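To start, the structure under review is shown below, and the notes come after it.
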Amino acid sequence: MKICAATGNAGKLRELRRILEAQGHEVVSQKELGITIEPEETGTTFAENAKIKAETICKASGMATIADDSGLCVDALNGAPGVYSARYCGHHGDDEANNDKLLENMKNVPDGQRGAKFVSAVCFILPDGRSLTCMGECPGRVAFERMAGDYGFGYDPLFIPTDCGVGKTGKRPNTEGRSYAQLTPDEKDAISHRGNALAELEKELPGFLNNK
C-alpha cells in the first residue's frame, strides 16, 4: 500500500519509512508531496495528537496517511516531558535544548531512580475517515550524560533501553548500557516504542482494511 508519512521530522521519517517498507508498503513523505502544513498538536495524549496530524495530512494528500506522536515519560518527573517532549525547552524541535533541560532537571536524581519509557501512538487513517491507532512502549532509563552514536535523534543519546534487538524481532538484555543512539537500526527497531507500535499496526491492519 502507498502511504503518506505525516511528519516533517527527518529522523522520524527515516524510521517510519524503514519499518513500513520492510512490511511491504511504499512510503511517501508529506514534503515529497509538497505539503508544508504543520498541524497544531492540541491533544493531551499521544493518541490524540497522532490523530490530529494524520487527519490533517490525509485531507491535504487524499492518501492513506500515517502519523506518529511519541515522547519520553520520566518516572522522577511525574511522566514529563511526555506529550510536550518535542517542545520541552519552550519551543519546538530543538533537540539539543530539550536534552539540556532534561539533564538539568535530572541532575540530582540518583542511579536506580532514573527509570523512563518512550511511548509511541501511531495513527493510520484512510481518506474515507476510518482510522486505526496502535500504541507501543519501550522501557529504560535516563543516562547521566549524552551517549551519542551514529544513529538516533531527539532524546536518543540520553535514553538507555532495557533491551536491545536481535534480528528483526528478537531481543536481549542491554548489558552494555548502550543508548538508543548507539543501537543499529535493526537493534532499535526490534525493541523501540515506534517499532512496537508499527508491529501492532501490521497485525491489526488487514482486519481493519477488510472491515468496511
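Just so we're on the same page: first chain in the C-alpha cells is A, next is B, and so on; residues restart at 1 for each chain, and ligands are numbered from 1 in the order they show up.
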
Could you list, as a VMD selection string, every residue within 7 Å of Ile125 in chain A, counting only C-alpha atoms and ignoring same-chain residues fewer than 3 positions away?
chain A and resid 54 to 55 64 to 66 129 to 132

Can you write just those residues out, N, CA and C atoms, as a compact mmCIF listing (two decimals), in the first residue's frame?
```
# COMPACT_ATOMS: atom_id res chain seq x y z
N ALA A 54 -2.56 12.95 11.56
CA ALA A 54 -2.96 12.05 10.48
C ALA A 54 -4.15 12.60 9.71
N GLU A 55 -5.16 13.12 10.42
CA GLU A 55 -6.36 13.65 9.76
C GLU A 55 -6.02 14.84 8.87
N ALA A 64 -4.02 7.43 1.95
CA ALA A 64 -3.86 6.77 3.24
C ALA A 64 -2.65 7.39 3.92
N THR A 65 -2.79 7.74 5.19
CA THR A 65 -1.76 8.52 5.88
C THR A 65 -1.45 7.90 7.24
N ILE A 66 -0.20 8.00 7.63
CA ILE A 66 0.20 7.53 8.95
C ILE A 66 0.92 8.66 9.68
N GLY A 129 -12.11 8.48 6.21
CA GLY A 129 -12.24 8.88 7.61
C GLY A 129 -12.02 7.78 8.62
N ARG A 130 -11.97 6.53 8.16
CA ARG A 130 -11.73 5.43 9.11
C ARG A 130 -10.28 5.49 9.59
N SER A 131 -10.09 5.25 10.88
CA SER A 131 -8.73 5.32 11.41
C SER A 131 -8.46 4.18 12.38
N LEU A 132 -7.19 3.88 12.55
CA LEU A 132 -6.73 2.83 13.45
C LEU A 132 -5.51 3.38 14.19
```

Pull the strand (DSSP E or B) assignments for range 1-151 of chain A out of DSSP run on the backbone, and list those residues as number ranges by chain.
A: 2-5, 26-29, 65-74, 81, 115-125, 131-142

Requested write-out: N, CA and C atoms of the selected residues, as a tab-separated table (two decimals), in the first residue's frame:
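Below is the file out_2.tsv, written as the result:
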```tsv
chain	number	residue	atom	x	y	z
A	2	LYS	N	0.44	2.28	-0.71
A	2	LYS	CA	1.15	3.55	-0.72
A	2	LYS	C	0.61	4.42	0.41
A	3	ILE	N	1.51	4.85	1.28
A	3	ILE	CA	1.12	5.58	2.49
A	3	ILE	C	1.89	6.89	2.58
A	4	CYS	N	1.19	7.96	2.93
A	4	CYS	CA	1.84	9.24	3.19
A	4	CYS	C	2.26	9.29	4.66
A	5	ALA	N	3.51	9.62	4.89
A	5	ALA	CA	4.02	9.77	6.26
A	5	ALA	C	3.87	11.23	6.67
A	26	GLU	N	4.76	1.19	0.43
A	26	GLU	CA	5.51	2.27	-0.20
A	26	GLU	C	5.22	3.55	0.58
A	27	VAL	N	6.26	4.25	0.99
A	27	VAL	CA	6.09	5.43	1.83
A	27	VAL	C	6.51	6.68	1.07
A	28	VAL	N	5.65	7.69	1.07
A	28	VAL	CA	5.97	8.99	0.51
A	28	VAL	C	5.76	10.01	1.62
A	29	SER	N	6.68	10.94	1.75
A	29	SER	CA	6.57	11.92	2.83
A	29	SER	C	5.68	13.08	2.41
A	65	THR	N	-2.79	7.74	5.19
A	65	THR	CA	-1.76	8.52	5.88
A	65	THR	C	-1.45	7.90	7.24
A	66	ILE	N	-0.20	8.00	7.63
A	66	ILE	CA	0.20	7.53	8.95
A	66	ILE	C	0.92	8.66	9.68
A	67	ALA	N	0.61	8.79	10.95
A	67	ALA	CA	1.27	9.80	11.78
A	67	ALA	C	1.65	9.17	13.11
A	68	ASP	N	2.75	9.61	13.64
A	68	ASP	CA	3.24	9.14	14.94
A	68	ASP	C	3.33	10.33	15.88
A	69	ASP	N	2.85	10.15	17.10
A	69	ASP	CA	3.16	11.11	18.15
A	69	ASP	C	3.80	10.33	19.27
A	70	SER	N	4.94	10.78	19.70
A	70	SER	CA	5.71	9.99	20.66
A	70	SER	C	6.47	10.91	21.59
A	71	GLY	N	6.97	10.32	22.67
A	71	GLY	CA	7.73	11.12	23.62
A	71	GLY	C	8.29	10.28	24.73
A	72	LEU	N	9.08	10.94	25.56
A	72	LEU	CA	9.75	10.30	26.67
A	72	LEU	C	9.02	10.63	27.97
A	73	CYS	N	8.69	9.61	28.74
A	73	CYS	CA	7.99	9.79	30.01
A	73	CYS	C	8.92	9.34	31.14
A	74	VAL	N	9.34	10.28	31.98
A	74	VAL	CA	10.35	10.02	33.01
A	74	VAL	C	9.68	9.88	34.37
A	81	PRO	N	8.91	14.66	30.03
A	81	PRO	CA	8.19	15.69	29.27
A	81	PRO	C	6.94	15.20	28.55
A	115	GLY	N	14.34	5.76	36.02
A	115	GLY	CA	13.50	5.00	35.10
A	115	GLY	C	12.69	5.89	34.17
A	116	ALA	N	12.50	5.41	32.94
A	116	ALA	CA	11.74	6.17	31.95
A	116	ALA	C	11.22	5.20	30.89
A	117	LYS	N	10.32	5.67	30.08
A	117	LYS	CA	9.87	4.88	28.94
A	117	LYS	C	9.57	5.81	27.78
A	118	PHE	N	9.85	5.33	26.58
A	118	PHE	CA	9.42	6.00	25.37
A	118	PHE	C	8.05	5.44	24.99
A	119	VAL	N	7.15	6.30	24.58
A	119	VAL	CA	5.80	5.90	24.18
A	119	VAL	C	5.52	6.42	22.78
A	120	SER	N	4.88	5.58	21.97
A	120	SER	CA	4.50	5.99	20.61
A	120	SER	C	3.05	5.65	20.35
A	121	ALA	N	2.33	6.60	19.77
A	121	ALA	CA	0.99	6.35	19.23
A	121	ALA	C	1.08	6.53	17.72
A	122	VAL	N	0.68	5.51	16.98
A	122	VAL	CA	0.69	5.57	15.52
A	122	VAL	C	-0.76	5.53	15.04
A	123	CYS	N	-1.14	6.53	14.27
A	123	CYS	CA	-2.50	6.59	13.72
A	123	CYS	C	-2.44	6.41	12.21
A	124	PHE	N	-3.16	5.42	11.72
A	124	PHE	CA	-3.32	5.17	10.29
A	124	PHE	C	-4.73	5.58	9.91
A	125	ILE	N	-4.86	6.41	8.89
A	125	ILE	CA	-6.18	6.91	8.51
A	125	ILE	C	-6.37	6.85	7.01
A	131	SER	N	-10.09	5.25	10.88
A	131	SER	CA	-8.73	5.32	11.41
A	131	SER	C	-8.46	4.18	12.38
A	132	LEU	N	-7.19	3.88	12.55
A	132	LEU	CA	-6.73	2.83	13.45
A	132	LEU	C	-5.51	3.38	14.19
A	133	THR	N	-5.55	3.33	15.51
A	133	THR	CA	-4.43	3.81	16.31
A	133	THR	C	-3.84	2.65	17.11
A	134	CYS	N	-2.53	2.53	17.07
A	134	CYS	CA	-1.81	1.48	17.80
A	134	CYS	C	-0.74	2.13	18.68
A	135	MET	N	-0.53	1.53	19.86
A	135	MET	CA	0.42	2.07	20.82
A	135	MET	C	1.63	1.15	20.97
A	136	GLY	N	2.77	1.75	21.32
A	136	GLY	CA	3.96	0.98	21.61
A	136	GLY	C	4.79	1.68	22.68
A	137	GLU	N	5.48	0.88	23.48
A	137	GLU	CA	6.33	1.44	24.54
A	137	GLU	C	7.69	0.75	24.54
A	138	CYS	N	8.67	1.42	25.13
A	138	CYS	CA	9.98	0.83	25.35
A	138	CYS	C	10.49	1.32	26.70
A	139	PRO	N	10.71	0.41	27.67
A	139	PRO	CA	11.20	0.81	28.98
A	139	PRO	C	12.72	1.00	28.99
A	140	GLY	N	13.19	1.83	29.91
A	140	GLY	CA	14.63	2.05	30.03
A	140	GLY	C	14.92	3.04	31.14
A	141	ARG	N	15.99	3.80	30.95
A	141	ARG	CA	16.36	4.80	31.96
A	141	ARG	C	17.08	5.96	31.29
A	142	VAL	N	17.19	7.06	32.03
A	142	VAL	CA	17.85	8.27	31.53
A	142	VAL	C	19.31	8.25	31.95
```

Between A:Gln23, A:Ser85, A:Asn9, A:Asn174, smallest distance to Gly195 in chain A by only C-alpha atoms belongs to A:Gln23

Minimum-distance residue to Ile35 in chain A, chosen among A:Arg178, A:Lys188, A:Lys59, A:Arg114 (using only C-alpha atoms)
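Once distances to Ile35 in chain A are computed over only C-alpha atoms, the minimum belongs to A:Lys59.
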
Interatomic distance between CA of Ile191 in chain A and CA of Ile160 in chain A?
11.8 Å

What is the CA of Asp94 in chain A to CA of Lys31 in chain A distance in Å?
19.8 Å

With DSSP run on the backbone, what are the alpha helix (DSSP H) residues within chain A? I'd like them as a count of residues only.
63
